[in-house]
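S.K.: Pasting upload27.cif below, which is mmCIF, C-alpha atoms.
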data_coords
loop_
_atom_site.label_atom_id
_atom_site.label_comp_id
_atom_site.auth_asym_id
_atom_site.auth_seq_id
_atom_site.Cartn_x
_atom_site.Cartn_y
_atom_site.Cartn_z
CA MET A 349 13.00 -32.48 37.60
CA ARG A 350 9.27 -32.23 37.81
CA LEU A 351 8.54 -33.50 34.39
CA TRP A 352 4.84 -33.68 35.00
CA ARG A 353 4.75 -29.93 35.33
CA ARG A 354 7.19 -29.15 32.60
CA ARG A 355 5.57 -31.18 29.89
CA ALA A 356 3.85 -28.76 27.55
CA GLN A 357 0.16 -29.01 26.88
CA PRO A 358 -0.46 -30.20 23.33
CA LEU A 359 -1.61 -27.52 20.92
CA VAL A 360 -5.07 -27.48 19.45
CA CYS A 361 -5.85 -26.25 15.93
CA GLN A 362 -7.26 -22.91 17.05
CA GLN A 363 -3.97 -22.09 18.80
CA PHE A 364 -1.92 -23.51 15.94
CA VAL A 365 -3.28 -21.04 13.36
CA GLU A 366 -2.24 -18.12 15.57
CA LEU A 367 1.36 -19.34 15.67
CA VAL A 368 1.77 -19.86 11.93
CA THR A 369 3.48 -16.52 11.27
CA ASP A 370 5.84 -16.85 14.22
CA TYR A 371 6.72 -20.33 12.97
CA LEU A 372 7.31 -19.22 9.39
CA GLU A 373 9.37 -16.28 10.66
CA ASP A 374 11.37 -18.71 12.76
CA ARG A 375 10.54 -16.80 15.90
CA LEU A 376 9.08 -19.58 18.01
CA PRO A 377 11.15 -20.55 21.04
CA ALA A 378 12.43 -24.15 20.75
CA ARG A 379 9.79 -25.52 23.11
CA GLU A 380 6.96 -23.82 21.29
CA ARG A 381 8.31 -24.96 17.96
CA ALA A 382 8.38 -28.53 19.22
CA ARG A 383 4.72 -28.27 20.26
CA PHE A 384 3.86 -26.70 16.92
CA GLU A 385 5.61 -29.43 14.97
CA ALA A 386 4.16 -32.18 17.14
CA HIS A 387 0.68 -30.93 16.36
CA LEU A 388 1.51 -30.53 12.68
CA ALA A 389 2.66 -34.14 12.46
CA GLU A 390 -0.71 -35.45 13.55
CA CYS A 391 -3.19 -32.96 12.11
CA ASP A 392 -4.10 -33.02 8.42
CA GLY A 393 -6.25 -29.91 8.72
CA CYS A 394 -3.38 -27.81 10.10
CA THR A 395 -0.91 -29.34 7.64
CA GLY A 396 -3.18 -28.17 4.83
CA TYR A 397 -3.67 -24.75 6.39
CA LEU A 398 0.09 -24.21 6.71
CA GLU A 399 0.77 -25.49 3.22
CA ASP A 400 -1.84 -23.14 1.73
CA MET A 401 -0.38 -20.26 3.71
CA ARG A 402 3.06 -21.03 2.28
CA ARG A 403 1.65 -21.16 -1.25
CA MET A 404 -0.22 -17.93 -0.76
CA ILE A 405 2.96 -16.20 0.46
CA ALA A 406 5.00 -17.61 -2.44
CA THR A 407 2.30 -16.44 -4.86
CA MET A 408 2.50 -12.91 -3.46
CA GLY A 409 6.13 -12.85 -4.59
CA THR A 410 4.89 -13.09 -8.18
CA VAL A 411 2.61 -10.06 -8.21
CA VAL A 412 5.31 -7.38 -8.38
CA PRO A 413 4.37 -4.82 -11.04
CA PRO A 414 6.58 -4.50 -14.13
CA SER A 415 9.00 -1.63 -14.54
CA ASP A 416 7.81 1.40 -16.45
CA PRO A 417 9.58 2.46 -19.66
CA HIS A 418 8.56 6.12 -19.23
CA THR A 419 10.16 6.23 -15.83
CA ARG A 420 13.26 4.66 -17.31
CA ASP A 421 13.44 7.43 -19.89
CA ALA A 422 12.95 10.05 -17.18
CA LEU A 423 15.76 8.49 -15.13
CA MET A 424 18.14 8.43 -18.06
CA ARG A 425 17.30 12.03 -18.92
CA ALA A 426 17.92 13.06 -15.34
CA LEU A 427 21.20 11.20 -15.40
CA ARG A 428 22.37 13.03 -18.50
CA ASP A 429 21.17 16.41 -17.26
CA LEU A 430 22.46 16.16 -13.74
CA ARG A 431 25.54 14.05 -14.09
CA GLY A 432 26.54 14.40 -17.70
CA GLY A 433 26.35 10.60 -17.75
CA ARG A 434 28.39 8.76 -20.32
CA MET B 107 26.81 -8.52 -7.51
CA ARG B 108 24.99 -5.20 -7.14
CA GLU B 109 26.56 -4.84 -3.74
CA ASP B 110 30.04 -5.06 -5.11
CA PRO B 111 31.94 -1.79 -4.76
CA THR B 112 32.68 -1.73 -8.47
CA PHE B 113 28.98 -1.52 -9.20
CA VAL B 114 28.51 1.37 -6.80
CA ALA B 115 31.59 3.05 -8.28
CA ARG B 116 30.05 2.73 -11.73
CA LEU B 117 26.84 4.34 -10.47
CA ARG B 118 28.86 7.13 -8.88
CA ALA B 119 30.62 7.69 -12.17
CA GLY B 120 27.23 8.02 -13.87
CA ASP B 121 27.61 4.81 -15.89
CA GLN B 122 24.37 4.44 -17.85
CA ASP B 123 24.55 0.64 -18.07
CA ALA B 124 24.80 0.41 -14.31
CA PHE B 125 21.75 2.63 -13.89
CA GLU B 126 19.87 0.59 -16.50
CA ALA B 127 20.66 -2.60 -14.59
CA LEU B 128 19.57 -1.07 -11.29
CA PHE B 129 16.41 0.26 -12.88
CA ALA B 130 15.52 -3.10 -14.43
CA ARG B 131 15.95 -4.78 -11.08
CA PHE B 132 14.19 -2.29 -8.83
CA ASP B 133 11.67 -0.13 -10.67
CA GLY B 134 8.87 -2.72 -10.46
CA PRO B 135 9.44 -3.50 -6.78
CA LEU B 136 9.66 0.22 -5.93
CA ARG B 137 6.42 0.77 -7.80
CA GLY B 138 4.76 -2.07 -5.91
CA ALA B 139 5.94 -0.67 -2.60
CA ALA B 140 4.80 2.87 -3.49
CA ARG B 141 1.34 1.54 -4.33
CA SER B 142 0.89 0.28 -0.82
CA PHE B 143 1.34 3.82 0.55
CA VAL B 144 -0.30 6.10 -2.00
CA ARG B 145 -3.39 5.15 -3.92
CA THR B 146 -3.50 7.10 -7.17
CA PRO B 147 -1.40 6.13 -10.21
CA THR B 148 -0.16 9.73 -10.43
CA ALA B 149 1.07 9.70 -6.85
CA VAL B 150 2.75 6.31 -7.39
CA GLU B 151 4.50 7.59 -10.50
CA GLU B 152 5.67 10.75 -8.74
CA VAL B 153 6.98 8.93 -5.71
CA VAL B 154 8.90 6.42 -7.84
CA GLN B 155 10.35 9.13 -10.08
CA GLU B 156 11.38 11.19 -7.07
CA THR B 157 13.14 8.13 -5.68
CA TRP B 158 15.14 7.57 -8.85
CA LEU B 159 15.99 11.24 -9.00
CA ALA B 160 17.15 11.13 -5.39
CA LEU B 161 19.34 8.18 -6.31
CA VAL B 162 20.98 10.05 -9.20
CA LYS B 163 21.57 13.07 -6.99
CA GLY B 164 22.55 11.19 -3.89
CA ILE B 165 24.63 8.24 -5.07
CA GLU B 166 27.83 10.16 -4.43
CA GLY B 167 26.90 10.42 -0.78
CA PHE B 168 25.99 6.73 -0.52
CA GLU B 169 28.40 5.28 2.00
CA GLY B 170 27.52 1.65 1.54
CA ARG B 171 26.65 1.18 5.19
CA SER B 172 23.37 -0.38 4.12
CA SER B 173 22.77 -2.29 0.90
CA LEU B 174 21.74 -0.32 -2.17
CA GLN B 175 18.38 -2.07 -1.94
CA THR B 176 17.76 -0.94 1.64
CA TRP B 177 18.91 2.55 0.78
CA LEU B 178 16.62 2.81 -2.26
CA PHE B 179 13.58 1.52 -0.41
CA LYS B 180 14.26 3.83 2.51
CA ILE B 181 14.22 6.79 0.16
CA LEU B 182 11.02 5.50 -1.40
CA VAL B 183 9.25 4.89 1.91
CA ASN B 184 10.16 8.37 3.14
CA ARG B 185 8.89 9.97 -0.04
CA ALA B 186 5.75 7.86 -0.05
CA ARG B 187 4.90 8.69 3.55
CA THR B 188 5.47 12.38 2.91
CA ARG B 189 3.24 12.17 -0.13
CA ALA B 190 0.54 10.25 1.73
CA ALA B 191 0.56 12.89 4.46
CA ARG B 192 0.21 15.62 1.85
CA ASP B 193 -2.79 13.77 0.42
CA SER B 194 -4.20 13.74 3.95
CA ARG B 195 -3.69 10.03 4.32
CA LEU B 196 -2.42 9.46 7.78
CA LEU B 197 -0.31 6.32 7.81
CA THR B 198 0.52 5.89 11.41
CA PHE B 199 2.25 2.92 12.91
CA SER B 200 2.15 4.22 16.46
CA SER B 201 -0.82 2.04 17.32
CA LEU B 202 -1.95 -1.27 15.98
CA GLU B 203 -4.92 -1.19 13.68
CA GLY B 204 -8.13 -2.83 14.70
CA ASP B 205 -8.69 -5.39 17.36
CA ALA B 206 -6.89 -8.66 17.88
CA SER B 207 -9.25 -10.55 15.65
CA PRO B 208 -8.48 -14.26 15.31
CA ALA B 209 -6.68 -15.61 12.23
CA VAL B 210 -9.50 -18.01 11.48
CA ASP B 211 -13.24 -17.64 12.11
CA PRO B 212 -13.88 -19.27 15.51
CA ASP B 213 -16.87 -21.06 13.96
CA ALA B 214 -14.41 -23.28 12.10
CA PHE B 215 -13.45 -24.88 15.43
CA GLY B 216 -15.38 -27.01 17.84
CA GLY B 217 -15.54 -26.44 21.58
CA ASP B 218 -12.30 -28.44 21.94
CA GLY B 219 -10.42 -26.00 19.67
CA ARG B 220 -10.02 -28.53 16.86
CA TRP B 221 -11.19 -28.04 13.29
CA LYS B 222 -14.81 -29.13 13.01
CA SER B 223 -13.63 -30.67 9.76
CA ALA B 224 -10.43 -30.17 7.78
CA PRO B 225 -10.36 -26.64 6.30
CA ALA B 226 -11.08 -26.21 2.59
CA ARG B 227 -7.91 -26.11 0.49
CA LEU B 228 -6.82 -23.44 -1.96
CA GLU B 229 -6.48 -24.50 -5.56
CA PHE B 230 -2.95 -24.45 -6.85
CA ASP B 231 -0.96 -25.21 -9.95
CA PRO B 232 0.87 -28.49 -9.34
CA GLU B 233 3.78 -27.47 -11.55
CA SER B 234 4.56 -24.06 -10.10
CA ARG B 235 3.26 -24.93 -6.62
CA LEU B 236 1.63 -21.51 -6.65
CA LEU B 237 -2.05 -20.58 -6.36
CA GLY B 238 -4.12 -20.90 -9.52
CA SER B 239 -4.58 -17.85 -11.74
CA GLU B 240 -8.07 -17.06 -10.46
CA LEU B 241 -6.98 -17.06 -6.84
CA ARG B 242 -3.88 -15.13 -7.81
CA SER B 243 -5.89 -12.21 -9.18
CA GLN B 244 -8.23 -12.44 -6.20
CA LEU B 245 -5.14 -12.15 -4.03
CA VAL B 246 -4.00 -8.96 -5.78
CA GLY B 247 -7.39 -7.34 -5.09
CA ALA B 248 -7.39 -8.59 -1.52
CA ILE B 249 -3.95 -7.09 -0.78
CA ASP B 250 -5.23 -3.79 -2.12
CA GLY B 251 -8.20 -3.96 0.22
CA LEU B 252 -6.21 -4.59 3.41
CA PRO B 253 -6.14 -1.92 6.14
CA ASP B 254 -3.18 0.47 5.64
CA GLN B 255 -0.69 -1.04 8.06
CA GLN B 256 -1.35 -4.58 6.95
CA ARG B 257 -1.24 -3.67 3.26
CA ILE B 258 2.09 -1.90 3.66
CA VAL B 259 3.76 -4.59 5.76
CA VAL B 260 2.44 -7.51 3.67
CA THR B 261 3.49 -5.75 0.46
CA LEU B 262 7.00 -4.93 1.66
CA ARG B 263 7.56 -8.39 3.15
CA ASP B 264 5.69 -10.83 0.94
CA VAL B 265 5.32 -9.08 -2.42
CA ILE B 266 8.63 -7.22 -2.54
CA GLY B 267 10.54 -9.65 -0.36
CA LEU B 268 12.26 -7.22 2.00
CA THR B 269 13.51 -8.67 5.29
CA SER B 270 11.81 -7.98 8.60
CA VAL B 271 14.90 -6.04 9.70
CA GLU B 272 14.61 -3.77 6.66
CA VAL B 273 10.88 -3.26 7.10
CA CYS B 274 11.11 -2.50 10.82
CA GLU B 275 13.80 0.05 10.16
CA MET B 276 11.89 1.73 7.34
CA LEU B 277 8.62 1.91 9.21
CA GLU B 278 10.20 2.53 12.61
CA ILE B 279 8.29 -0.27 14.27
CA THR B 280 9.44 -3.08 16.52
CA GLU B 281 9.97 -6.55 15.19
CA ALA B 282 7.17 -7.94 17.36
CA ASN B 283 4.80 -5.25 16.17
CA GLN B 284 5.69 -5.96 12.56
CA ARG B 285 5.05 -9.67 13.05
CA VAL B 286 1.60 -9.04 14.53
CA ILE B 287 0.66 -6.83 11.59
CA LEU B 288 2.03 -9.39 9.13
CA HIS B 289 0.11 -12.18 10.85
CA ARG B 290 -3.18 -10.32 10.74
CA GLY B 291 -2.64 -9.29 7.15
CA ARG B 292 -1.82 -12.79 5.93
CA ALA B 293 -4.69 -14.33 7.89
CA ARG B 294 -7.08 -11.80 6.45
CA LEU B 295 -5.88 -12.52 2.92
CA ARG B 296 -6.27 -16.25 3.49
CA ALA B 297 -9.83 -15.66 4.68
CA GLU B 298 -10.56 -13.50 1.64
CA LEU B 299 -9.54 -16.31 -0.69
CA GLY B 300 -12.20 -18.56 0.77
CA PRO B 301 -13.34 -19.37 4.24
CA ALA B 302 -11.39 -22.12 5.94
CA THR B 303 -14.70 -23.25 7.38
CA VAL B 304 -16.47 -26.43 6.48
CA GLU B 305 -18.86 -26.89 3.61
CA GLY B 306 -22.24 -27.26 5.20
CA GLY B 307 -20.84 -27.56 8.70
CA PRO B 308 -22.24 -29.77 11.39
#
Show me this structure written as structure tokens.
M.R.:
Amino acid sequence: MRLWRRRAQPLVCQQFVELVTDYLEDRLPARERARFEAHLAECDGCTGYLEDMRRMIATMGTVVPPSDPHTRDALMRALRDLRGGR
Amino acid sequence: MREDPTFVARLRAGDQDAFEALFARFDGPLRGAARSFVRTPTAVEEVVQETWLALVKGIEGFEGRSSLQTWLFKILVNRARTRAARDSRLLTFSSLEGDASPAVDPDAFGGDGRWKSAPARLEFDPESRLLGSELRSQLVGAIDGLPDQQRIVVTLRDVIGLTSVEVCEMLEITEANQRVILHRGRARLRAELGPATVEGGP
């Protein structure tokens, strides 16, 4: 085994940020994920970037608009009219 | 629980409580999704109402091959795209929007590809672990301002929480394509919330 050729180049930050989505989507091949995580373990800047990205994504899950009571009434009316709902 | 056959049977039978429960769970998310396709409140309202109406009319034909959620959102996305086309908004996914711009401004990195200095952090609430309220409202505006494809994919995935399988199926795009759009959209939002570049710089 020619390890010297198979050893992956370490990632740098500029490459790391382009892999963040693939990583979060769990789409990195095992080798790439290992490189990603190796870089993460030794880079505070990238650790912060990834953490902020996670927080931003989690925050997006909280901006769903509320349901609309008028639409609810329209739905219930349609239900009665069309289906003779009970 | 919504996937249980009893629940679908209740919907088929026109059970009002079942419809109320479904409405409470999905009207907001449907509304959010519709907003990413059509831009006026009237159009959003119409698309969402049409979707609910289609549900009432079509539930008897629902075969349960997909989840109710997938089914509902598919109806919505079809209606929304039709509506957008009628309003002369061409929402095409056949080609990727824009160029392959980098996730982070290249100026943030030195010649060796490392951060010139650690990127600025986003303020967050330590209790909820979410972004602070100011950034949160900035985020809402920034999502709205994304290019069409990115806005739609980011909304369906990150705001509504649909899976990539669902989104690819609804938009008829490949998984790789969807991931590229999602990546660009998220990176752009991150940049909108504040540059990751250094204060002052070297």
S.K.: Given the point (11.7, -2.0, 10.2) in the file's coordinates, find the residues that have an atom at most 12 Å from it, counting all atoms listed in the file, and give them as a list of chain:residue names.
M.R.: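 Returned residue set, sorted by chain then number, is B:Thr176, B:Phe179, B:Lys180, B:Val183, B:Phe199, B:Ile258, B:Val259, B:Leu262, B:Arg263, B:Leu268, B:Thr269, B:Ser270, B:Val271, B:Glu272, B:Val273, B:Cys274, B:Glu275, B:Met276, B:Leu277, B:Glu278, B:Ile279, B:Thr280, B:Glu281, B:Ala282, B:Asn283, B:Gln284, B:Arg285.
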S.K.: Would you tabulate, counting all atoms listed in the file, all residues of chain A that have an atom at most 8 Å from an atom of chain B, showing the closest pair of atoms and their distance in Å to one decimal, sorted by chain then ascending number, as a tab-separated table?
M.R.:
residue	atom	partner	partner_atom	distance
A:Val360	CA	B:Gly219	CA	5.6
A:Cys361	CA	B:Arg220	CA	4.8
A:Gln362	CA	B:Gly219	CA	5.1
A:Gln363	CA	B:Gly219	CA	7.6
A:Val365	CA	B:Ala209	CA	6.5
A:Glu366	CA	B:Ala209	CA	6.1
A:Val368	CA	B:His289	CA	7.9
A:Thr369	CA	B:His289	CA	5.5
A:Asp370	CA	B:Arg285	CA	7.3
A:Asp392	CA	B:Ala224	CA	7.0
A:Gly393	CA	B:Ala224	CA	4.3
A:Cys394	CA	B:Ala224	CA	7.8
A:Gly396	CA	B:Arg227	CA	6.7
A:Tyr397	CA	B:Pro225	CA	7.0
A:Asp400	CA	B:Leu228	CA	6.2
A:Met401	CA	B:Arg296	CA	7.1
A:Arg403	CA	B:Leu236	CA	5.4
A:Met404	CA	B:Leu237	CA	6.5
A:Ile405	CA	B:Asp264	CA	6.0
A:Ala406	CA	B:Leu236	CA	6.7
A:Thr407	CA	B:Leu236	CA	5.4
A:Met408	CA	B:Val265	CA	4.9
A:Gly409	CA	B:Val265	CA	4.4
A:Thr410	CA	B:Val265	CA	7.0
A:Val411	CA	B:Val265	CA	6.5
A:Val412	CA	B:Gly138	CA	5.9
A:Pro413	CA	B:Gly134	CA	5.0
A:Pro414	CA	B:Gly134	CA	4.7
A:Ser415	CA	B:Gly134	CA	4.2
A:Asp416	CA	B:Asp133	CA	7.1
A:Thr419	CA	B:Gln155	CA	6.4
A:Arg420	CA	B:Phe129	CA	7.0
A:Ala422	CA	B:Gln155	CA	7.6
A:Leu423	CA	B:Trp158	CA	6.4
A:Met424	CA	B:Gln122	CA	7.4
A:Ala426	CA	B:Leu159	CA	6.9
A:Leu427	CA	B:Val162	CA	6.3
A:Leu430	CA	B:Lys163	CA	7.5
A:Arg431	CA	B:Gly120	CA	6.3
A:Gly432	CA	B:Gly120	CA	7.5
A:Gly433	CA	B:Gly120	CA	4.7
A:Arg434	CA	B:Asp121	CA	6.0
S.K.: Would you kindly identify which residues have an atom no farther than 7 Å from (-1.3, 2.3, 5.3), using all atoms listed in the file and the file's own coordinates, and write them out as a list of chain:residue names?
M.R.: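 The residues near that point, listed by chain and number, are B:Ser142, B:Phe143, B:Leu197, B:Pro253, B:Asp254, B:Gln255, B:Arg257, B:Ile258.
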S.K.: Just give me the gap between atom CA of A:Leu388 and atom CA of B:Leu252 in Å, one decimal is fine.
M.R.: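 Going from atom CA of A:Leu388 over to atom CA of B:Leu252, I get 28.6 Å.
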S.K.: Using all atoms listed in the file, find the one residue out of A:His418, A:Leu367, A:Leu398, A:Asp429 that sits nearest to A:Glu380.
M.R.: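 Using all atoms listed in the file, the shortest distance to A:Glu380 belongs to A:Leu367.
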S.K.: To one decimal in Å, tell me the separation between atom CA of B:Glu298 and atom CA of B:Gly251.
M.R.: 9.9 Å
S.K.: May I ask which of the residues A:Arg402, A:Arg425, A:Pro358, A:Glu373 is the closest one to A:Glu385, counting only C-alpha atoms?
M.R.: A:Pro358
S.K.: So that I can check the surroundings of stretch 169-171 of chain B, please list as a ChimeraX atom specification every protein, DNA and RNA residue that reaches within 12 Å of it, counting all atoms listed in the file and ignoring chain neighbours fewer than 2 positions away.
M.R.: /B:108-115,118,164-167,173-178
S.K.: Output C-alpha atoms for every residue in that selection, as a PDB file, in the coordinates of the input.
M.R.:
ATOM      1  CA  ARG B 108      24.990  -5.200  -7.140  1.00  0.00           C
ATOM      2  CA  GLU B 109      26.560  -4.840  -3.740  1.00  0.00           C
ATOM      3  CA  ASP B 110      30.040  -5.060  -5.110  1.00  0.00           C
ATOM      4  CA  PRO B 111      31.940  -1.790  -4.760  1.00  0.00           C
ATOM      5  CA  THR B 112      32.680  -1.730  -8.470  1.00  0.00           C
ATOM      6  CA  PHE B 113      28.980  -1.520  -9.200  1.00  0.00           C
ATOM      7  CA  VAL B 114      28.510   1.370  -6.800  1.00  0.00           C
ATOM      8  CA  ALA B 115      31.590   3.050  -8.280  1.00  0.00           C
ATOM      9  CA  ARG B 118      28.860   7.130  -8.880  1.00  0.00           C
ATOM     10  CA  GLY B 164      22.550  11.190  -3.890  1.00  0.00           C
ATOM     11  CA  ILE B 165      24.630   8.240  -5.070  1.00  0.00           C
ATOM     12  CA  GLU B 166      27.830  10.160  -4.430  1.00  0.00           C
ATOM     13  CA  GLY B 167      26.900  10.420  -0.780  1.00  0.00           C
ATOM     14  CA  SER B 173      22.770  -2.290   0.900  1.00  0.00           C
ATOM     15  CA  LEU B 174      21.740  -0.320  -2.170  1.00  0.00           C
ATOM     16  CA  GLN B 175      18.380  -2.070  -1.940  1.00  0.00           C
ATOM     17  CA  THR B 176      17.760  -0.940   1.640  1.00  0.00           C
ATOM     18  CA  TRP B 177      18.910   2.550   0.780  1.00  0.00           C
ATOM     19  CA  LEU B 178      16.620   2.810  -2.260  1.00  0.00           C
TER      20      LEU B 178
END
S.K.: Take atom CA of B:Ala206 and atom CA of B:Gln256 and report the distance between them in Å, one decimal.
M.R.: 12.9 Å
S.K.: What would stretch 400-422 of chain A look like with N, CA and C atoms in place, written as a tab-separated table (two decimals), in the coordinates of the input?
M.R.:
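Written file, rebuild_8.tsv:
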chain	number	residue	atom	x	y	z
A	400	ASP	N	-1.15	-24.18	2.51
A	400	ASP	CA	-1.84	-23.14	1.73
A	400	ASP	C	-1.27	-21.76	2.05
A	401	MET	N	-0.94	-21.54	3.31
A	401	MET	CA	-0.38	-20.26	3.71
A	401	MET	C	0.97	-20.05	3.01
A	402	ARG	N	1.77	-21.11	2.98
A	402	ARG	CA	3.06	-21.03	2.28
A	402	ARG	C	2.88	-20.72	0.80
A	403	ARG	N	1.91	-21.39	0.18
A	403	ARG	CA	1.65	-21.16	-1.25
A	403	ARG	C	1.16	-19.75	-1.50
A	404	MET	N	0.31	-19.28	-0.60
A	404	MET	CA	-0.22	-17.93	-0.76
A	404	MET	C	0.93	-16.91	-0.67
A	405	ILE	N	1.83	-17.12	0.28
A	405	ILE	CA	2.96	-16.20	0.46
A	405	ILE	C	3.88	-16.25	-0.77
A	406	ALA	N	4.15	-17.48	-1.25
A	406	ALA	CA	5.00	-17.61	-2.44
A	406	ALA	C	4.34	-16.94	-3.64
A	407	THR	N	3.01	-17.05	-3.74
A	407	THR	CA	2.30	-16.44	-4.86
A	407	THR	C	2.39	-14.92	-4.80
A	408	MET	N	2.39	-14.37	-3.59
A	408	MET	CA	2.50	-12.91	-3.46
A	408	MET	C	3.81	-12.41	-4.07
A	409	GLY	N	4.85	-13.24	-4.01
A	409	GLY	CA	6.13	-12.85	-4.59
A	409	GLY	C	6.09	-12.73	-6.11
A	410	THR	N	4.98	-13.14	-6.72
A	410	THR	CA	4.89	-13.09	-8.18
A	410	THR	C	3.98	-11.97	-8.67
A	411	VAL	N	3.53	-11.11	-7.76
A	411	VAL	CA	2.61	-10.06	-8.21
A	411	VAL	C	3.26	-8.66	-8.21
A	412	VAL	N	4.59	-8.64	-8.29
A	412	VAL	CA	5.31	-7.38	-8.38
A	412	VAL	C	5.01	-6.73	-9.73
A	413	PRO	N	4.66	-5.44	-9.75
A	413	PRO	CA	4.37	-4.82	-11.04
A	413	PRO	C	5.62	-4.73	-11.92
A	414	PRO	N	5.43	-4.64	-13.24
A	414	PRO	CA	6.58	-4.50	-14.13
A	414	PRO	C	7.18	-3.10	-14.04
A	415	SER	N	8.40	-2.96	-14.52
A	415	SER	CA	9.00	-1.63	-14.54
A	415	SER	C	8.35	-0.80	-15.64
A	416	ASP	N	8.50	0.50	-15.53
A	416	ASP	CA	7.81	1.40	-16.45
A	416	ASP	C	8.80	2.10	-17.39
A	417	PRO	N	8.62	1.89	-18.70
A	417	PRO	CA	9.58	2.46	-19.66
A	417	PRO	C	9.66	3.99	-19.62
A	418	HIS	N	8.53	4.65	-19.29
A	418	HIS	CA	8.56	6.12	-19.23
A	418	HIS	C	9.44	6.60	-18.08
A	419	THR	N	9.33	5.87	-16.97
A	419	THR	CA	10.16	6.23	-15.83
A	419	THR	C	11.63	6.00	-16.15
A	420	ARG	N	11.89	4.93	-16.89
A	420	ARG	CA	13.26	4.66	-17.31
A	420	ARG	C	13.81	5.83	-18.11
A	421	ASP	N	13.01	6.30	-19.08
A	421	ASP	CA	13.44	7.43	-19.89
A	421	ASP	C	13.69	8.67	-19.03
A	422	ALA	N	12.79	8.89	-18.07
A	422	ALA	CA	12.95	10.05	-17.18
A	422	ALA	C	14.24	9.94	-16.37
